[in-house]
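J.: Compact mmCIF, C-alpha atoms, saved as query.txt, coming up:
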```
# COMPACT_ATOMS: atom_id res chain seq x y z
CA MET U 1 -7.53 -11.61 29.54
CA GLN U 2 -4.73 -9.55 28.13
CA LYS U 3 -3.28 -12.60 26.50
CA VAL U 4 -6.64 -13.42 24.88
CA GLN U 5 -6.86 -9.91 23.53
CA LYS U 6 -3.41 -10.09 22.07
CA MET U 7 -4.21 -13.33 20.44
CA THR U 8 -7.42 -12.11 19.00
CA ALA U 9 -5.69 -9.05 17.74
CA ASN U 10 -3.01 -11.06 16.16
CA TRP U 11 -5.34 -13.60 14.73
CA GLY U 12 -8.14 -11.19 13.65
CA VAL U 13 -10.80 -12.85 15.84
CA ASP U 14 -13.66 -10.76 17.09
CA VAL U 15 -13.97 -10.82 20.77
CA PRO U 16 -17.35 -10.40 22.29
CA ASP U 17 -18.07 -6.93 23.60
CA THR U 18 -17.26 -6.47 27.17
CA PRO U 19 -18.57 -3.61 29.28
CA ARG U 20 -15.18 -1.86 29.05
CA ASN U 21 -15.10 -2.17 25.30
CA ILE U 22 -18.66 -0.95 25.05
CA LEU U 23 -17.81 2.15 27.02
CA MET U 24 -14.69 2.78 24.98
CA HIS U 25 -16.61 2.48 21.76
CA SER U 26 -19.47 4.59 23.03
CA ARG U 27 -17.18 7.66 23.33
CA VAL U 28 -16.57 7.53 19.64
CA VAL U 29 -19.60 5.99 18.09
CA ILE U 30 -22.55 6.82 20.29
CA PRO U 31 -24.03 10.20 19.37
CA ILE U 32 -23.53 13.03 21.88
CA PRO U 33 -26.72 13.62 23.81
CA GLY U 34 -28.42 16.93 23.26
CA LEU U 35 -27.62 17.39 19.61
CA GLY U 36 -30.65 18.85 17.84
CA THR U 37 -32.26 19.87 21.13
CA PRO U 38 -33.49 23.39 22.20
CA TYR U 39 -30.31 23.77 24.23
CA CYS U 40 -28.22 23.58 21.11
CA ARG U 41 -30.42 26.20 19.45
CA SER U 42 -29.86 28.54 22.43
CA ARG U 43 -26.14 28.17 22.06
CA LYS U 44 -26.42 29.29 18.41
CA PHE U 45 -28.38 32.38 19.57
CA SER U 46 -25.69 33.21 22.10
CA ARG U 47 -23.08 33.04 19.42
CA SER U 48 -24.99 35.62 17.34
CA VAL U 49 -25.24 37.92 20.36
CA LEU U 50 -21.52 37.59 20.97
CA ALA U 51 -20.92 38.46 17.36
CA LEU U 52 -22.92 41.69 17.84
CA LYS U 53 -21.02 42.45 21.01
CA ASP U 54 -17.77 41.92 19.15
CA GLN U 55 -18.90 44.50 16.61
CA ASP U 56 -19.69 47.07 19.40
CA ILE U 57 -16.34 46.43 21.02
CA ASN U 58 -14.59 46.91 17.71
CA THR U 59 -16.45 50.19 17.27
CA ILE U 60 -15.46 51.33 20.75
CA ILE U 61 -11.86 50.31 20.14
CA THR U 62 -11.87 52.22 16.86
CA GLU U 63 -13.25 55.29 18.59
CA ARG U 64 -10.64 54.99 21.32
CA HIS U 65 -7.92 54.73 18.71
CA GLN U 66 -9.26 57.85 17.04
CA GLU U 67 -9.34 59.72 20.37
CA LEU U 68 -5.82 58.49 21.06
CA ASP U 69 -4.74 59.85 17.68
CA VAL U 70 -6.31 63.23 18.50
CA VAL U 71 -4.59 63.34 21.89
CA SER U 72 -1.33 62.32 20.27
CA HIS U 73 -1.62 65.13 17.72
CA GLU U 74 -2.47 67.64 20.47
CA THR U 75 0.46 66.42 22.54
CA LEU U 76 2.78 66.80 19.58
CA ASP U 77 1.45 70.31 18.88
CA LEU U 78 1.92 71.26 22.53
CA ALA U 79 5.41 69.80 22.51
CA HIS U 80 6.26 71.82 19.39
CA THR U 81 4.83 74.97 21.03
CA VAL U 82 6.87 74.38 24.20
CA VAL U 83 9.98 73.81 22.12
CA ASP U 84 9.38 77.01 20.14
CA LYS U 85 8.77 79.06 23.28
CA THR U 86 11.81 77.52 24.91
CA LYS U 87 13.86 78.52 21.91
CA ASP U 88 12.46 82.07 22.05
CA LEU U 89 13.15 82.28 25.78
CA GLY U 90 16.62 80.98 25.21
CA GLN U 91 17.21 83.62 22.55
CA GLN U 92 15.90 86.33 24.87
CA LEU U 93 18.13 85.15 27.69
CA ALA U 94 21.06 85.06 25.33
CA LYS U 95 20.35 88.65 24.24
CA LYS U 96 19.95 89.74 27.86
CA GLN U 97 23.21 88.05 28.74
CA ASP U 98 24.94 89.83 25.86
CA LYS U 99 23.52 93.18 27.03
CA THR U 100 24.58 92.46 30.61
CA ILE U 101 28.09 91.61 29.48
CA GLU U 102 28.14 94.73 27.31
CA SER U 103 26.90 96.86 30.21
CA ALA U 104 29.45 95.33 32.55
CA ASN U 105 32.21 96.06 30.07
CA LEU U 106 30.86 99.60 29.67
CA ASP U 107 30.79 100.02 33.47
CA LYS U 108 34.35 98.80 33.66
CA GLY U 109 35.35 101.26 31.00
CA LEU U 110 33.39 104.07 32.66
CA ARG U 111 34.90 103.25 36.03
CA SER U 112 38.32 103.19 34.46
CA ALA U 113 37.62 106.57 32.84
CA LEU U 114 36.33 108.00 36.12
CA GLU U 115 39.38 106.74 37.92
CA ARG U 116 41.53 108.57 35.39
CA PHE U 117 39.69 111.86 35.98
CA PRO U 118 41.93 114.54 37.42
CA THR U 119 41.31 115.40 41.05
CA LYS U 120 40.13 118.90 40.14
CA VAL U 121 37.46 117.51 37.80
CA LEU U 122 36.21 115.08 40.45
CA SER U 123 36.13 117.91 42.96
CA LYS U 124 33.93 119.98 40.66
CA ILE U 125 31.60 117.01 40.18
CA PHE U 126 31.35 116.46 43.92
CA ASP U 127 30.64 120.14 44.54
CA TYR U 128 27.87 120.08 41.94
CA TYR U 129 26.44 116.86 43.39
CA LEU U 130 26.07 118.44 46.84
CA MET U 131 25.34 121.97 45.64
CA ASP U 132 21.70 122.07 46.82
CA SER U 133 22.28 120.20 50.07
CA ASP U 134 21.57 122.05 53.30
CA HIS U 135 22.38 120.36 56.61
CA LEU U 136 23.31 116.73 56.07
CA SER U 137 22.65 113.88 58.47
CA ARG U 138 23.48 110.20 58.62
CA ARG U 139 20.48 109.38 56.44
CA SER U 140 20.80 112.22 53.95
CA ASN U 141 20.68 111.55 50.25
CA PRO U 142 22.85 112.83 48.66
CA SER U 143 25.75 113.00 51.09
CA PRO U 144 29.57 112.93 50.91
CA MET U 145 29.44 109.51 52.58
CA GLN U 146 27.87 108.10 49.42
CA LEU U 147 30.71 109.49 47.34
CA ALA U 148 33.28 108.00 49.69
CA ARG U 149 31.79 104.51 49.28
CA VAL U 150 32.17 104.33 45.48
CA CYS U 151 35.86 103.41 45.36
CA ARG U 152 39.13 104.13 47.09
CA ARG U 153 40.02 106.94 44.70
CA TRP U 154 36.71 108.71 45.27
CA ARG U 155 37.00 108.26 49.01
CA ASP U 156 40.45 109.85 49.02
CA VAL U 157 39.22 112.79 46.95
CA ALA U 158 36.02 113.25 49.01
CA GLU U 159 37.83 113.07 52.34
CA GLY U 160 40.33 115.62 51.10
CA MET U 161 37.58 118.16 50.26
CA ALA U 162 36.94 119.86 53.59
CA ASN U 163 34.11 121.97 52.18
CA LEU U 164 31.96 118.85 51.70
CA TRP U 165 31.94 118.17 55.44
CA CYS U 166 31.00 121.62 56.76
CA LYS U 167 27.20 121.20 56.98
CA LEU U 168 25.93 118.71 59.51
CA SER U 169 22.67 117.98 61.30
CA PHE U 170 22.88 116.33 64.73
CA ASP U 171 20.10 114.10 65.95
CA VAL U 172 20.51 112.50 69.39
CA ASP U 173 18.19 109.90 70.90
CA ASP U 174 18.17 108.03 74.18
CA ASP U 175 19.69 104.77 72.89
CA CYS U 176 23.12 104.44 74.47
CA THR U 177 24.42 102.08 71.77
CA GLU U 178 23.09 104.30 69.02
CA TRP U 179 24.62 107.36 70.66
CA LYS U 180 28.09 105.75 70.75
CA ARG U 181 27.79 104.93 67.07
CA SER U 182 26.51 108.42 66.31
CA PHE U 183 29.30 110.02 68.34
CA PHE U 184 31.95 108.23 66.27
CA TYR U 185 30.13 109.09 63.05
CA TYR U 186 29.70 112.81 63.83
CA ASP U 187 33.22 113.16 65.19
CA SER U 188 34.72 111.57 62.04
CA TRP U 189 32.59 113.87 59.90
CA LEU U 190 33.68 117.02 61.75
CA LYS U 191 37.35 116.04 61.64
CA ARG U 192 37.18 115.88 57.85
CA SER U 193 35.99 119.50 57.76
CA GLN U 194 39.52 120.52 58.81
CA ASP U 195 39.57 124.30 59.46
CA TYR U 196 36.53 125.28 57.40
CA PRO U 197 33.67 127.25 59.04
CA LEU U 198 30.89 124.95 60.21
CA SER U 199 27.15 125.16 59.69
CA LEU U 200 25.41 123.01 62.30
CA GLN U 201 21.84 122.01 62.95
CA LEU U 202 21.21 120.76 66.48
CA ARG U 203 18.32 118.44 67.31
CA PRO U 204 18.85 117.19 70.85
CA GLY U 205 16.08 114.58 70.63
CA TYR U 206 13.81 113.23 73.32
CA ALA U 207 16.53 111.81 75.55
CA GLU U 208 17.19 113.37 78.95
CA GLY U 209 20.61 114.96 78.77
CA GLY U 210 20.52 115.04 74.96
CA THR U 211 21.69 118.66 74.97
CA ALA U 212 24.61 117.78 77.26
CA LYS U 213 25.64 115.07 74.80
CA LEU U 214 25.56 117.56 71.97
CA ARG U 215 27.64 120.04 73.94
CA GLN U 216 30.18 117.32 74.61
CA LEU U 217 30.41 116.53 70.92
CA VAL U 218 30.33 120.05 69.51
CA GLN U 219 32.45 121.83 72.12
CA PRO U 220 35.85 121.10 70.45
CA TYR U 221 34.56 122.61 67.21
CA MET U 222 32.60 125.59 68.52
CA SER U 223 35.34 128.04 67.62
CA ARG U 224 34.67 127.26 63.93
CA VAL U 225 30.88 127.40 64.00
CA SER U 226 29.57 130.17 61.77
CA SER U 227 25.93 129.09 61.38
CA LEU U 228 23.72 127.51 64.00
CA ASP U 229 20.18 126.14 63.63
CA ILE U 230 18.63 124.90 66.87
CA ASP U 231 15.39 122.93 66.82
CA PHE U 232 13.74 122.88 70.25
CA ARG U 233 10.54 121.26 69.00
CA SER U 234 12.04 117.82 69.67
CA LEU U 235 12.48 118.66 73.36
CA PRO U 236 9.58 117.86 75.67
CA VAL U 237 8.94 119.99 78.72
CA CYS U 238 10.03 117.35 81.23
CA PHE U 239 13.33 116.47 79.59
CA GLY U 240 14.52 119.54 77.73
CA ASP U 241 17.27 121.27 79.62
CA TRP U 242 17.08 124.06 77.01
CA PHE U 243 13.29 124.35 77.06
CA ASP U 244 13.05 127.36 79.38
CA ALA U 245 13.66 130.62 77.54
CA SER U 246 16.13 131.89 80.15
CA ALA U 247 18.08 128.62 79.95
CA ILE U 248 18.11 128.93 76.16
CA ALA U 249 19.40 132.48 76.37
CA GLN U 250 22.07 131.49 78.87
CA SER U 251 23.29 128.69 76.60
CA LEU U 252 23.22 130.87 73.49
CA SER U 253 25.07 133.68 75.23
CA GLN U 254 28.11 131.39 75.32
CA LEU U 255 28.26 131.10 71.54
CA PRO U 256 31.59 132.22 70.08
CA SER U 257 31.98 135.37 68.06
CA THR U 258 32.52 133.25 64.93
CA VAL U 259 28.78 132.54 64.69
CA ARG U 260 27.29 134.66 61.92
CA SER U 261 23.97 132.92 61.33
CA LEU U 262 21.38 131.84 63.89
CA LYS U 263 18.01 130.15 63.37
CA ILE U 264 15.57 129.63 66.24
CA ILE U 265 11.98 129.69 65.04
CA ASP U 266 10.21 127.51 67.61
CA ARG U 267 10.88 129.56 70.74
CA ILE U 268 9.74 133.13 71.33
CA PHE U 269 12.24 135.52 72.86
CA GLY U 270 11.12 138.26 75.22
CA PRO U 271 13.01 141.51 75.86
CA ASP U 272 15.04 140.08 78.74
CA CYS U 273 16.26 137.15 76.67
CA LEU U 274 17.03 139.41 73.75
CA TYR U 275 19.19 141.73 75.86
CA SER U 276 20.95 138.80 77.56
CA LEU U 277 22.24 137.75 74.11
CA ASN U 278 23.59 141.19 73.34
CA PRO U 279 27.18 140.04 72.67
CA VAL U 280 25.93 137.36 70.26
CA TRP U 281 23.53 139.59 68.31
CA THR U 282 26.31 142.02 67.52
CA HIS U 283 28.21 139.50 65.37
CA LEU U 284 25.25 138.03 63.52
CA THR U 285 24.61 138.81 59.86
CA HIS U 286 21.68 136.44 59.28
CA VAL U 287 18.89 135.58 61.74
CA GLU U 288 15.65 133.59 61.51
CA ILE U 289 13.66 134.09 64.68
CA ALA U 290 10.13 133.96 66.10
CA ILE U 291 9.37 137.22 67.84
CA ARG U 292 6.47 139.35 69.06
CA PRO U 293 5.78 142.46 66.99
CA ARG U 294 6.50 144.86 69.87
CA ASN U 295 10.03 143.38 70.22
CA VAL U 296 11.03 143.73 66.58
CA PHE U 297 12.45 147.22 67.05
CA HIS U 298 14.60 146.11 70.04
CA PHE U 299 15.85 143.15 68.05
CA LEU U 300 16.95 145.26 65.08
CA PHE U 301 18.65 147.66 67.45
CA LEU U 302 20.67 144.77 68.95
CA CYS U 303 21.75 143.49 65.50
CA PRO U 304 23.57 146.38 63.81
CA ASN U 305 25.44 144.12 61.36
CA LEU U 306 22.40 142.20 60.18
CA SER U 307 22.19 141.88 56.39
CA SER U 308 19.34 139.37 56.04
CA CYS U 309 16.53 138.49 58.38
CA GLU U 310 13.37 136.40 58.62
CA LEU U 311 10.86 137.45 61.26
CA ILE U 312 8.01 135.16 62.25
CA LEU U 313 5.58 137.33 64.17
CA SER U 314 3.71 135.75 67.07
CA GLN U 315 1.03 136.67 69.56
CA PRO U 316 0.24 138.97 71.25
CA VAL U 317 0.19 141.52 68.49
CA SER U 318 -0.80 144.53 70.58
CA MET U 319 1.69 147.40 70.87
CA ASP U 320 1.75 150.16 73.42
CA THR U 321 1.71 153.80 72.43
CA ARG U 322 5.46 154.12 72.84
CA ALA U 323 6.12 151.26 70.41
CA GLN U 324 3.74 152.77 67.87
CA CYS U 325 5.62 156.05 67.99
CA MET U 326 9.08 154.51 67.59
CA ARG U 327 11.18 155.11 64.49
CA VAL U 328 13.95 152.62 63.69
CA THR U 329 16.57 152.86 60.97
CA HIS U 330 18.77 149.89 60.11
CA ALA U 331 21.67 150.81 57.88
CA ASN U 332 22.81 147.33 56.74
CA LEU U 333 19.71 145.21 56.24
CA ARG U 334 19.45 144.09 52.61
CA SER U 335 16.94 141.26 52.71
CA LEU U 336 13.84 141.09 54.91
CA CYS U 337 11.10 138.46 55.15
CA ILE U 338 8.11 139.09 57.43
CA ILE U 339 5.72 136.22 58.14
CA CYS U 340 2.47 137.24 59.77
CA PRO U 341 -0.24 134.56 60.19
CA GLY U 342 -3.85 135.57 59.70
CA ARG U 343 -4.99 134.33 63.10
CA PHE U 344 -4.03 137.65 64.69
CA GLU U 345 -6.78 139.86 65.99
CA SER U 346 -5.25 142.86 64.23
CA ASN U 347 -2.70 143.40 61.50
CA PRO U 348 0.71 144.49 62.89
CA LEU U 349 2.24 145.15 59.45
CA PRO U 350 1.05 148.79 59.11
CA ILE U 351 2.70 149.78 62.42
CA LEU U 352 5.96 148.06 61.44
CA PHE U 353 6.19 149.77 58.05
CA LYS U 354 5.37 153.14 59.63
CA ALA U 355 8.32 152.80 62.00
CA LEU U 356 11.00 151.17 59.80
CA THR U 357 13.52 152.84 57.52
CA LEU U 358 15.80 150.51 55.56
CA PRO U 359 17.96 152.46 53.10
CA LYS U 360 19.88 149.43 51.75
CA LEU U 361 16.98 147.02 51.37
CA ARG U 362 17.01 145.07 48.09
CA THR U 363 14.60 142.21 48.71
CA LEU U 364 11.35 142.37 50.65
CA GLU U 365 9.05 139.38 51.13
CA ILE U 366 5.73 139.65 52.95
CA ARG U 367 3.69 136.60 53.91
CA TYR U 368 0.39 137.32 55.56
CA GLY U 369 -3.02 135.76 56.05
CA PHE U 370 -5.06 138.94 56.21
CA LEU U 371 -7.66 139.97 53.64
CA SER U 372 -5.89 143.23 52.86
CA SER U 373 -2.32 144.37 52.38
CA PRO U 374 -0.72 147.40 54.09
CA HIS U 375 -0.71 149.30 50.83
CA GLU U 376 -0.47 152.93 51.96
CA GLU U 377 2.00 152.14 54.77
CA LEU U 378 4.19 150.21 52.36
CA LEU U 379 4.21 153.10 49.87
CA THR U 380 5.22 155.48 52.66
CA PHE U 381 7.96 153.06 53.74
CA LEU U 382 9.44 152.92 50.21
CA ARG U 383 9.39 156.70 49.79
CA ARG U 384 10.99 157.25 53.19
CA SER U 385 13.66 154.54 52.85
CA LYS U 386 14.67 155.47 49.29
CA CYS U 387 16.10 151.97 49.07
CA PRO U 388 17.32 150.25 45.89
CA LEU U 389 14.60 147.62 46.18
CA GLU U 390 14.84 145.03 43.40
CA ILE U 391 12.26 142.39 44.35
CA LEU U 392 8.97 142.78 46.20
CA MET U 393 7.19 139.49 46.94
CA PHE U 394 3.66 138.97 48.23
CA ASP U 395 2.69 135.56 49.53
CA ALA U 396 -0.86 135.92 50.84
CA VAL U 397 -4.49 134.90 50.63
CA VAL U 398 -5.25 138.23 48.94
CA ILE U 399 -2.58 139.78 46.73
CA PRO U 400 -2.48 143.44 45.67
CA PRO U 401 -4.46 144.18 42.48
CA PRO U 402 -2.61 145.43 39.37
CA GLU U 403 -3.38 149.10 40.07
CA GLN U 404 -1.76 148.87 43.52
CA GLN U 405 1.24 147.11 42.04
CA GLY U 406 1.51 150.01 39.63
CA ASP U 407 1.85 152.38 42.59
CA PHE U 408 4.98 150.50 43.71
CA THR U 409 6.60 150.59 40.27
CA ALA U 410 5.81 154.29 40.06
CA ILE U 411 8.19 154.82 43.00
CA ILE U 412 10.82 152.30 41.80
CA PRO U 413 10.49 151.77 38.02
CA THR U 414 12.94 148.82 37.97
CA LEU U 415 11.09 146.99 40.74
CA LYS U 416 10.13 143.36 40.07
CA ILE U 417 6.91 142.30 41.80
CA GLU U 418 6.12 138.64 42.45
CA CYS U 419 2.75 137.53 43.80
CA ARG U 420 1.75 134.08 44.95
CA LEU U 421 -1.73 133.24 46.15
CA ASP U 422 -1.42 131.10 49.26
CA ILE U 423 -4.48 129.81 51.11
CA ASP U 424 -2.32 128.10 53.76
CA THR U 425 -0.61 131.17 55.17
CA ASN U 426 -2.03 130.40 58.60
```
Let me see the file written as structure tokens.

T.:
Amino acid sequence: MQKVQKMTANWGVDVPDTPRNILMHSRVVIPIPGLGTPYCRSRKFSRSVLALKDQDINTIITERHQELDVVSHETLDLAHTVVDKTKDLGQQLAKKQDKTIESANLDKGLRSALERFPTKVLSKIFDYYLMDSDHLSRRSNPSPMQLARVCRRWRDVAEGMANLWCKLSFDVDDDCTEWKRSFFYYDSWLKRSQDYPLSLQLRPGYAEGGTAKLRQLVQPYMSRVSSLDIDFRSLPVCFGDWFDASAIAQSLSQLPSTVRSLKIIDRIFGPDCLYSLNPVWTHLTHVEIAIRPRNVFHFLFLCPNLSSCELILSQPVSMDTRAQCMRVTHANLRSLCIICPGRFESNPLPILFKALTLPKLRTLEIRYGFLSSPHEELLTFLRRSKCPLEILMFDAVVIPPPEQQGDFTAIIPTLKIECRLDIDTN
């Protein structure tokens, strides 16, 4: 068959159509079924719909491009803002760094200048720094310990100034470890005071045997103690070995003759305790004490060298006839402060001023919570004492009116009167 086809092809003879040839020719010649039918028309409709959809998609794409452009512009603006703020922050940090370097250089120069200060100048500065300090403790601010921590030069100067280490407040608790640390601290402090007189404030704390610990620590330095402030308020009844008044008096009676100032304002001394301290009272020049009004005269009699005194009067206020008739003259007292709360049933101040004569008195302060002042008794006291009184202070809920103040200046023309209205005198 193939040979016949070749021959016919070569010779140009038409060969009858065979089924294969018919099929081959039909793919080219025979029309495609369905042309011009409703199906073809539906395909044309679909193409138009697709064209519309293409337009919507193009619109959406355009909108998305526009949104993308907006976001891009916002991102660029934000980036520029961040860059600007970063630059500003960098400039601020650079300025701060320059100031820090300048301050550090200034501190170095100041430290160098301070290190070159003469010892006498540093000593004056240290004295001024601690001028208003009373009794210092481990936690005091300011304190000479702070000065000693600045540099080696300051530590050498501070440790060489014995007067900086003469005022100390002891506080003892029941922690054994803390007590060992405190013992070393207090002992080092007291050693730096050298031979200067000491002013000590004792607070035994709540620990049983706290007073014994203080005695152990203070005993080597007692010969140099000139001022003593004892706070018994931190001692409970069950633990305080100094709580009982007789025990307190017995302990205080052993104080050396070097003690010139004594402050005990939270325990009341009776006549027996007062007389048991007779050797100590003789050497004192300043005392702050809580006392009953009827014992004031005995107290002043036991303290002939007293130059300043603060008396906190306590209950009971009643005085027997003998006490009301007593007359007491103290030749050396220059400053007197009497504190009399208003909770008393009666005012003891008139009886006191009737009995006292203080020819050297220069300062008198009266604190009371009563609604009236002992005006007539105070005038009589000033006339009888003929003292060179310079300052008269009233600290009370009701102060003397101007006309009564004029009565005082009529006796002492140079007298300065100070009045302070105090509603908390109680």

J.: For a test of reading the model, state the distance in Å between CA of Leu415 in chain U and CA of Pro388 in chain U, rounded to one decimal.

T.: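 Computing it gives 8.7 Å between the two atoms.
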
J.: For the atom pair CA of Trp189 in chain U and CA of Phe126 in chain U, what is the interatomic distance in Å to one decimal place?

T.: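 Calculated distance between CA of Trp189 in chain U and CA of Phe126 in chain U is 16.2 Å.
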
J.: Ranking U:Trp165, U:Tyr196, U:Trp281, U:Phe301 by minimum distance to Val225 in chain U and counting all atoms listed in the file, which one comes first?

T.: U:Tyr196

J.: From the list U:Cys325, U:Ile230, U:Arg153, U:Ile264, which residue is nearest Arg116 in chain U when using only C-alpha atoms?

T.: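 Closest candidate: U:Arg153.
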
J.: When distances are computed from all atoms listed in the file, which of U:Ser373, U:Ser385, U:Thr409, U:Thr380 shows the smallest separation from Val397 in chain U?

T.: U:Ser373
